[in-house]
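Enquirer: So that you have it, the file is my_file.csv, and it contains CSV, C-alpha atoms and all ligand atoms:
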chain,number,residue,atom,x,y,z
F,1,MET,CA,0.0,0.0,0.0
F,2,GLU,CA,1.2,3.5,-0.8
F,3,GLU,CA,2.2,5.3,2.3
F,4,THR,CA,1.7,8.7,0.7
F,5,ALA,CA,-1.3,11.0,1.2
F,6,LYS,CA,-2.7,9.5,4.4
F,7,GLN,CA,-6.2,10.5,5.2
F,8,GLN,CA,-7.8,11.0,8.6
F,9,TYR,CA,-11.3,9.7,8.3
F,10,THR,CA,-13.8,9.9,11.1
F,11,ASP,CA,-15.5,6.7,12.2
F,12,SER,CA,-18.6,7.4,10.3
F,13,GLU,CA,-16.6,8.2,7.1
F,14,ARG,CA,-14.8,4.9,7.5
F,15,ALA,CA,-18.1,3.0,7.9
F,16,ARG,CA,-19.5,4.7,4.8
F,17,ILE,CA,-16.4,4.1,2.6
F,18,PHE,CA,-16.3,0.4,3.7
F,19,GLU,CA,-20.0,-0.1,3.0
F,20,ASP,CA,-20.3,2.0,-0.2
F,21,GLU,CA,-16.9,1.6,-1.8
F,22,PHE,CA,-15.5,-1.7,-0.6
F,23,MET,CA,-18.4,-4.0,-0.1
F,24,PRO,CA,-19.8,-3.7,-3.7
F,25,HIS,CA,-16.7,-5.5,-5.0
F,26,ILE,CA,-17.0,-8.5,-2.7
F,27,ASN,CA,-18.2,-11.0,-5.3
F,28,SER,CA,-15.5,-10.1,-7.8
F,29,MET,CA,-13.0,-10.3,-4.9
F,30,TYR,CA,-14.3,-13.7,-3.8
F,31,ASN,CA,-14.0,-15.0,-7.4
F,32,PHE,CA,-10.5,-13.7,-7.6
F,33,ALA,CA,-9.6,-15.3,-4.2
F,34,TYR,CA,-11.0,-18.6,-5.4
F,35,ARG,CA,-9.1,-18.5,-8.7
F,36,LEU,CA,-5.9,-17.8,-6.9
F,37,THR,CA,-6.2,-20.4,-4.1
F,38,LEU,CA,-8.3,-22.9,-6.0
F,39,ASP,CA,-9.8,-23.9,-2.7
F,40,GLU,CA,-13.1,-22.6,-1.2
F,41,ASP,CA,-12.0,-22.5,2.4
F,42,ASP,CA,-8.7,-20.7,1.5
F,43,ALA,CA,-10.7,-18.3,-0.6
F,44,LYS,CA,-13.0,-17.5,2.3
F,45,ASP,CA,-10.1,-16.9,4.7
F,46,LEU,CA,-8.2,-14.8,2.1
F,47,LEU,CA,-11.3,-12.7,1.4
F,48,GLN,CA,-11.9,-12.1,5.1
F,49,ASP,CA,-8.2,-11.2,5.8
F,50,THR,CA,-8.2,-8.8,2.8
F,51,TYR,CA,-11.3,-7.0,4.0
F,52,LEU,CA,-10.0,-6.7,7.5
F,53,LYS,CA,-6.7,-5.3,6.1
F,54,ALA,CA,-8.6,-2.9,3.9
F,55,TYR,CA,-10.4,-1.6,6.9
F,56,ARG,CA,-7.2,-1.4,9.0
F,57,PHE,CA,-5.4,0.6,6.2
F,58,ILE,CA,-8.4,2.6,5.2
F,59,ASP,CA,-6.6,5.9,5.9
F,60,SER,CA,-4.3,5.0,2.9
F,61,PHE,CA,-7.3,4.9,0.6
F,62,GLN,CA,-8.1,8.1,-1.1
F,63,GLN,CA,-11.7,8.7,-1.9
F,64,GLY,CA,-12.4,9.2,-5.6
F,65,THR,CA,-9.6,6.7,-6.6
F,66,ASN,CA,-10.3,3.2,-7.8
F,67,ALA,CA,-11.4,1.2,-4.8
F,68,LYS,CA,-11.6,-2.0,-6.8
F,69,ALA,CA,-8.0,-1.8,-7.9
F,70,TRP,CA,-6.9,-0.9,-4.4
F,71,LEU,CA,-8.7,-3.9,-2.9
F,72,PHE,CA,-7.5,-6.3,-5.6
F,73,ARG,CA,-3.9,-5.2,-4.8
F,74,ILE,CA,-4.3,-6.0,-1.1
F,75,LEU,CA,-5.9,-9.3,-1.9
F,76,LYS,CA,-3.0,-10.2,-4.3
F,77,ASN,CA,-0.4,-9.2,-1.8
F,78,SER,CA,-2.1,-11.2,1.0
F,79,PHE,CA,-2.2,-14.2,-1.3
F,80,ILE,CA,1.5,-14.0,-2.1
F,81,ASN,CA,2.6,-13.4,1.5
F,82,ASP,CA,0.3,-15.7,3.4
F,83,TYR,CA,-1.2,-18.3,1.0
F,84,ARG,CA,1.1,-19.0,-1.9
F,85,LYS,CA,3.4,-21.0,0.3
F,86,ARG,CA,0.8,-23.2,1.7
F,87,SER,CA,-1.3,-23.4,-1.4
F,88,LYS,CA,-2.5,-26.8,-2.5
F,89,GLU,CA,-1.1,-26.5,-6.0
F,90,PRO,CA,1.9,-28.6,-6.8
F,91,SER,CA,4.9,-26.5,-5.9
F,92,LYS,CA,5.6,-24.0,-8.7
F,93,VAL,CA,8.7,-23.8,-10.7
F,94,ASP,CA,10.4,-20.6,-10.1
F,95,TYR,CA,8.5,-17.9,-11.8
F,96,GLN,CA,11.5,-16.3,-13.4
F,97,GLU,CA,12.3,-19.6,-15.0
F,98,VAL,CA,8.9,-19.7,-16.5
F,99,GLU,CA,9.2,-16.2,-17.8
F,100,ASN,CA,12.7,-16.8,-19.2
F,101,TYR,CA,11.4,-19.9,-21.0
F,102,TYR,CA,8.6,-17.9,-22.7
F,103,ASN,CA,10.9,-15.0,-23.4
F,104,SER,CA,13.3,-17.3,-25.2
F,105,GLU,CA,10.6,-17.8,-27.8
F,106,ASP,CA,9.6,-15.2,-30.3
F,107,VAL,CA,7.2,-13.0,-28.3
F,108,ASP,CA,5.2,-12.0,-31.3
F,109,ARG,CA,4.9,-15.5,-32.6
F,110,GLN,CA,1.2,-16.0,-33.2
F,111,ILE,CA,0.5,-19.3,-31.6
F,112,THR,CA,-2.9,-20.2,-33.0
F,113,PRO,CA,-3.6,-23.8,-32.5
F,114,ASP,CA,-6.1,-24.9,-35.0
F,115,LEU,CA,-8.9,-24.5,-32.5
F,116,ARG,CA,-12.3,-23.7,-33.8
F,117,VAL,CA,-15.1,-21.5,-32.4
F,118,GLU,CA,-17.5,-24.4,-32.9
F,119,THR,CA,-15.3,-26.7,-30.8
F,120,LEU,CA,-15.3,-24.1,-28.0
F,121,GLN,CA,-19.1,-23.9,-28.1
F,122,ASP,CA,-19.2,-27.6,-27.4
F,123,MET,CA,-17.2,-27.1,-24.2
F,124,ILE,CA,-20.2,-26.9,-22.0
F,125,GLY,CA,-18.6,-28.6,-18.9
F,126,ASP,CA,-15.6,-27.6,-16.8
F,127,GLU,CA,-13.1,-27.5,-19.6
F,128,ILE,CA,-12.5,-23.8,-19.6
F,129,SER,CA,-12.3,-23.6,-15.8
F,130,ASN,CA,-9.8,-26.5,-15.7
F,131,ALA,CA,-7.8,-24.9,-18.5
F,132,LEU,CA,-7.6,-21.6,-16.6
F,133,ASN,CA,-6.8,-23.3,-13.4
F,134,SER,CA,-4.0,-25.3,-15.0
F,135,LEU,CA,-2.1,-22.1,-15.9
F,136,ASP,CA,0.7,-20.9,-13.7
F,137,VAL,CA,-0.9,-18.5,-11.2
F,138,ASP,CA,0.8,-15.4,-12.7
F,139,PHE,CA,-0.7,-16.2,-16.1
F,140,ARG,CA,-4.1,-17.1,-14.6
F,141,THR,CA,-4.1,-13.8,-12.8
F,142,VAL,CA,-3.7,-11.5,-15.8
F,143,ILE,CA,-6.5,-13.3,-17.6
F,144,ILE,CA,-8.9,-12.8,-14.7
F,145,LEU,CA,-7.9,-9.2,-14.2
F,146,CYS,CA,-8.2,-8.3,-17.9
F,147,ASP,CA,-10.9,-10.6,-19.4
F,148,LEU,CA,-13.2,-11.0,-16.4
F,149,GLU,CA,-12.7,-7.8,-14.4
F,150,GLY,CA,-11.9,-5.4,-17.3
F,151,PHE,CA,-8.8,-3.8,-15.6
F,152,LYS,CA,-6.6,-1.6,-17.8
F,153,TYR,CA,-2.9,-2.0,-18.3
F,154,ASP,CA,-2.0,0.7,-15.8
F,155,GLU,CA,-4.4,-0.7,-13.2
F,156,MET,CA,-3.0,-4.2,-13.6
F,157,ALA,CA,0.6,-2.8,-13.4
F,158,LYS,CA,-0.3,-1.3,-10.0
F,159,ILE,CA,-2.2,-4.3,-8.7
F,160,LEU,CA,0.7,-6.7,-9.6
F,161,ASP,CA,3.6,-4.3,-9.0
F,162,ILE,CA,5.1,-5.0,-12.5
F,163,PRO,CA,5.8,-2.7,-15.4
F,164,ILE,CA,3.1,-2.2,-18.1
F,165,GLY,CA,5.3,-3.9,-20.7
F,166,THR,CA,5.4,-7.0,-18.5
F,167,VAL,CA,1.6,-6.9,-18.1
F,168,ARG,CA,1.3,-6.9,-21.9
F,169,SER,CA,3.7,-9.7,-22.6
F,170,ARG,CA,2.3,-11.8,-19.7
F,171,LEU,CA,-1.2,-11.4,-21.1
F,172,HIS,CA,-0.2,-12.3,-24.6
F,173,ARG,CA,1.5,-15.5,-23.3
F,174,ALA,CA,-1.3,-16.3,-21.0
F,175,ARG,CA,-3.8,-16.2,-23.9
F,176,ASN,CA,-1.6,-18.5,-26.0
F,177,LEU,CA,-1.1,-20.9,-23.1
F,178,LEU,CA,-4.9,-21.0,-22.6
F,179,LYS,CA,-5.5,-21.7,-26.2
F,180,GLU,CA,-2.9,-24.5,-26.2
F,181,LYS,CA,-4.6,-26.1,-23.2
F,182,LEU,CA,-8.1,-25.8,-24.8
F,183,SER,CA,-6.8,-27.3,-27.9
F,184,GLU,CA,-5.5,-30.3,-25.9
F,185,TYR,CA,-8.9,-30.8,-24.4
F,186,ALA,CA,-10.5,-30.5,-27.8
F,187,LYS,CA,-8.2,-33.3,-29.1
F,188,LYS,CA,-9.3,-35.4,-26.1
F,189,MET,CA,-12.9,-34.7,-26.9
F,190,GLY,CA,-12.2,-36.3,-30.2
F,191,TYR,CA,-12.0,-33.3,-32.5
F,192,LYS,CA,-9.5,-34.4,-35.2
F,193,ASN,CA,-8.9,-30.9,-36.4
F,194,ALA,CA,-9.0,-29.2,-33.1
M,1,MET,CA,2.9,-14.0,-40.1
M,2,SER,CA,2.2,-12.5,-43.5
M,3,HIS,CA,-1.2,-11.2,-44.6
M,4,PRO,CA,-1.3,-11.6,-48.3
M,5,GLU,CA,-5.0,-10.6,-48.6
M,6,GLN,CA,-4.4,-7.3,-46.9
M,7,SER,CA,-5.0,-4.4,-49.2
M,8,GLN,CA,-3.2,-1.1,-49.2
M,9,GLN,CA,-6.3,1.1,-48.3
M,10,MET,CA,-6.5,-0.6,-44.9
M,11,SER,CA,-6.3,1.9,-42.2
M,12,VAL,CA,-4.4,-0.7,-40.2
M,13,ALA,CA,-1.0,-0.9,-41.8
M,14,LYS,CA,0.4,-4.3,-42.5
M,15,GLY,CA,2.5,-5.5,-39.6
M,16,ASN,CA,0.6,-3.4,-37.2
M,17,CYS,CA,-2.5,-5.5,-37.3
M,18,LEU,CA,-1.4,-8.0,-34.8
M,19,GLU,CA,-0.5,-5.2,-32.5
M,20,MET,CA,-3.9,-3.6,-33.0
M,21,LEU,CA,-5.6,-7.0,-32.4
M,22,ARG,CA,-3.7,-7.3,-29.1
M,23,LEU,CA,-4.8,-3.8,-28.0
M,24,ILE,CA,-8.4,-4.6,-28.8
M,25,LEU,CA,-8.3,-7.9,-27.0
M,26,ASP,CA,-6.7,-6.2,-24.0
M,27,GLY,CA,-9.4,-3.5,-23.9
M,28,GLU,CA,-6.9,-0.8,-24.7
M,29,ALA,CA,-8.0,0.4,-28.2
M,30,THR,CA,-10.2,3.4,-28.7
M,31,GLU,CA,-13.8,2.8,-29.8
M,32,GLU,CA,-12.9,4.2,-33.2
M,33,GLU,CA,-9.9,1.9,-33.6
M,34,LYS,CA,-12.0,-1.0,-32.5
M,35,LYS,CA,-14.8,-0.2,-34.9
M,36,ASN,CA,-12.5,0.3,-37.8
M,37,PHE,CA,-10.7,-2.9,-37.2
M,38,ILE,CA,-13.8,-5.0,-36.7
M,39,ASP,CA,-15.8,-3.5,-39.6
M,40,LYS,CA,-13.0,-3.1,-42.1
M,41,HIS,CA,-9.9,-5.0,-41.3
M,42,LEU,CA,-11.3,-8.3,-40.3
M,43,GLU,CA,-13.0,-8.8,-43.7
M,44,THR,CA,-9.7,-8.8,-45.5
M,45,CYS,CA,-7.4,-10.4,-43.0
M,46,MET,CA,-8.0,-14.1,-42.3
M,47,PRO,CA,-5.4,-14.5,-39.4
M,48,CYS,CA,-6.9,-11.6,-37.5
M,49,TYR,CA,-10.4,-12.7,-38.3
M,50,ARG,CA,-9.8,-16.2,-36.9
M,51,THR,CA,-7.9,-15.1,-33.9
M,52,TYR,CA,-10.4,-12.4,-33.0
M,53,HIS,CA,-13.4,-14.7,-33.1
M,54,LEU,CA,-11.6,-17.5,-31.3
M,55,GLU,CA,-10.5,-15.1,-28.5
M,56,MET,CA,-14.0,-13.7,-28.2
M,57,ALA,CA,-15.4,-17.3,-28.0
M,58,ILE,CA,-12.9,-18.0,-25.2
M,59,ARG,CA,-13.9,-14.8,-23.4
M,60,ASP,CA,-17.6,-15.7,-23.6
M,61,LEU,CA,-16.8,-19.1,-22.0
M,62,LEU,CA,-14.6,-17.5,-19.3
M,63,LYS,CA,-17.4,-15.1,-18.5
M,64,SER,CA,-20.1,-17.7,-18.3
M,65,LYS,CA,-18.1,-20.4,-16.5
M,66,CYS,CA,-15.3,-18.7,-14.5
M,67,GLY,CA,-16.8,-15.4,-13.2
M,68,ASN,CA,-19.6,-16.7,-11.1
M,69,HIS,CA,-18.2,-17.5,-7.7
M,70,GLU,CA,-20.3,-15.4,-5.4
M,71,ALA,CA,-19.2,-14.7,-1.9
M,72,PRO,CA,-21.2,-16.8,0.5
M,73,ALA,CA,-23.8,-14.7,2.4
M,74,GLU,CA,-22.5,-16.1,5.7
M,75,LEU,CA,-19.0,-14.9,4.9
M,76,ILE,CA,-20.3,-11.4,4.0
M,77,GLU,CA,-22.1,-11.3,7.4
M,78,ASN,CA,-19.0,-12.4,9.2
M,79,ILE,CA,-16.9,-9.7,7.6
M,80,LYS,CA,-19.4,-7.0,8.5
M,81,ARG,CA,-19.6,-8.2,12.0
M,82,MET,CA,-15.8,-8.3,12.4
M,83,ILE,CA,-15.5,-4.7,11.1
M,84,GLY,CA,-18.2,-3.7,13.6
M,85,THR,CA,-16.1,-5.1,16.5
M,86,VAL,CA,-12.8,-3.6,15.5
M,87,ARG,CA,-14.4,-0.2,14.9
F,201,ZN,ZN,-4.7,-8.6,-39.7
What's the structure tokens form of this structure?
Ligand SMILES: [Zn+2]

Expert:
Amino acid sequence: MEETAKQQYTDSERARIFEDEFMPHINSMYNFAYRLTLDEDDAKDLLQDTYLKAYRFIDSFQQGTNAKAWLFRILKNSFINDYRKRSKEPSKVDYQEVENYYNSEDVDRQITPDLRVETLQDMIGDEISNALNSLDVDFRTVIILCDLEGFKYDEMAKILDIPIGTVRSRLHRARNLLKEKLSEYAKKMGYKNA
Amino acid sequence: MSHPEQSQQMSVAKGNCLEMLRLILDGEATEEEKKNFIDKHLETCMPCYRTYHLEMAIRDLLKSKCGNHEAPAELIENIKRMIGTVR
């Protein structure tokens, strides 16, 4: 959280900000928590911790700024600090390694597996959810922030503490990885040309 | 990737179209850029046409299947109660 420009809210202002600016994002926040932890109990704990922290640090929140981005940033930091270690996912390869691996390929290479729109429309089960969950958490995160929550590059950069250029390349790779995964599922479903 | 079908009058210059496609998918293009690209460019550029429609289909799936985890009512009550006590 930025330490600059601390406010001094009264108790009633705090209550109002919490109710009117923080609570309306609770479903998006829960969805994000669930997609990060991949576990309902962890998601509940993470959400509760995040809202308590948000209240505790409410003087760092400036009214009129983007409350949703501010909350998402707290949630993501709590996840990294408190949950990532004990997350039930198989232990992750070092992220830098993953990033280097993908950087070693031509970034602008257009990986378009021969996946068809019609094939996707037949994926009425958990395929998309499983495909998303199978991605490394950093790739999964940018897809959620951009495609589900509609955050802009600069907002994602702030939430994730990374430069805008990294947001862009990570999103691009995440989309390609998701397509590759969906294309694998399509092949399993028996689409020859998937 | 080359775009042989792409004509010269395209407002999206050759080589820039994948970049524009990325901006559109990422929600960073202006309304005008988006309209131009979808109404004019996609008709003449097969790689963009395919990628755009594929990505939109994936997004529809994501929105319908991965965005619907609502916070349990009990949890919301809990949070409100806890804030009430720390206050
Ligand atoms: Zn094109």

Enquirer: Based on all atoms listed in the file, which of the residues in chain F come within 6 Å of chain M? I want them as number ranges by chain.

Expert: F: 27, 30-31, 117, 129

Enquirer: Pick out the residues no farther than 7 Å from ligand ZN 201 (chain F), counting all atoms listed in the file, and list them as a list in words.

Expert: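 Listing the residues within 7 Å of ligand ZN 201 (chain F) gives His3, Cys17, Leu18, His41, Leu42, Cys45, Met46, Pro47 and Cys48 of chain M.
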
Enquirer: So how far away is atom CA of Arg173 of chain F from atom CA of Phe151 of chain F, in Å?

Expert: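 Atom CA of Phe151 of chain F sits 17.4 Å away from atom CA of Arg173 of chain F.
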
Enquirer: How far is it from atom CA of Gln63 of chain F to atom CA of Cys146 of chain F, in Å with one decimal?

Expert: 23.6 Å

Enquirer: If I take atom CA of Glu118 of chain F and atom CA of Asp39 of chain M, how far is one from the other in Å, to one decimal?

Expert: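 Straight-line distance from atom CA of Glu118 of chain F to atom CA of Asp39 of chain M works out to 22.0 Å.
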
Enquirer: Near segment 73-87 of chain F, within 8 Å and counting only C-alpha atoms, which residues show up once chain neighbours fewer than 6 positions away are dropped, as an MDAnalysis selection string?

Expert: chainID F and resid 1 29 33 36:37 42 46:47 49:50 53:54 158:160

Enquirer: Between F:Arg56, F:Arg16, F:Arg140, F:Lys181, which has the minimum distance to Tyr34 of chain F (counting only C-alpha atoms)?

Expert: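 Closest candidate: F:Arg140.
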
Enquirer: Restricting the calculation to only C-alpha atoms: of F:Leu115, F:Ile124, F:Leu38, F:Ala69, which residue gets closest to Val137 of chain F?

Expert: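 Comparing F:Leu115, F:Ile124, F:Leu38, F:Ala69 against Val137 of chain F, the winner is F:Leu38.
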
Enquirer: Return the single residue from M:Met20, M:Ala73, M:Ala29, M:Ile38 that is closest to Ile26 of chain F, with distances computed using all atoms listed in the file.

Expert: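 Closest candidate: M:Ala73.
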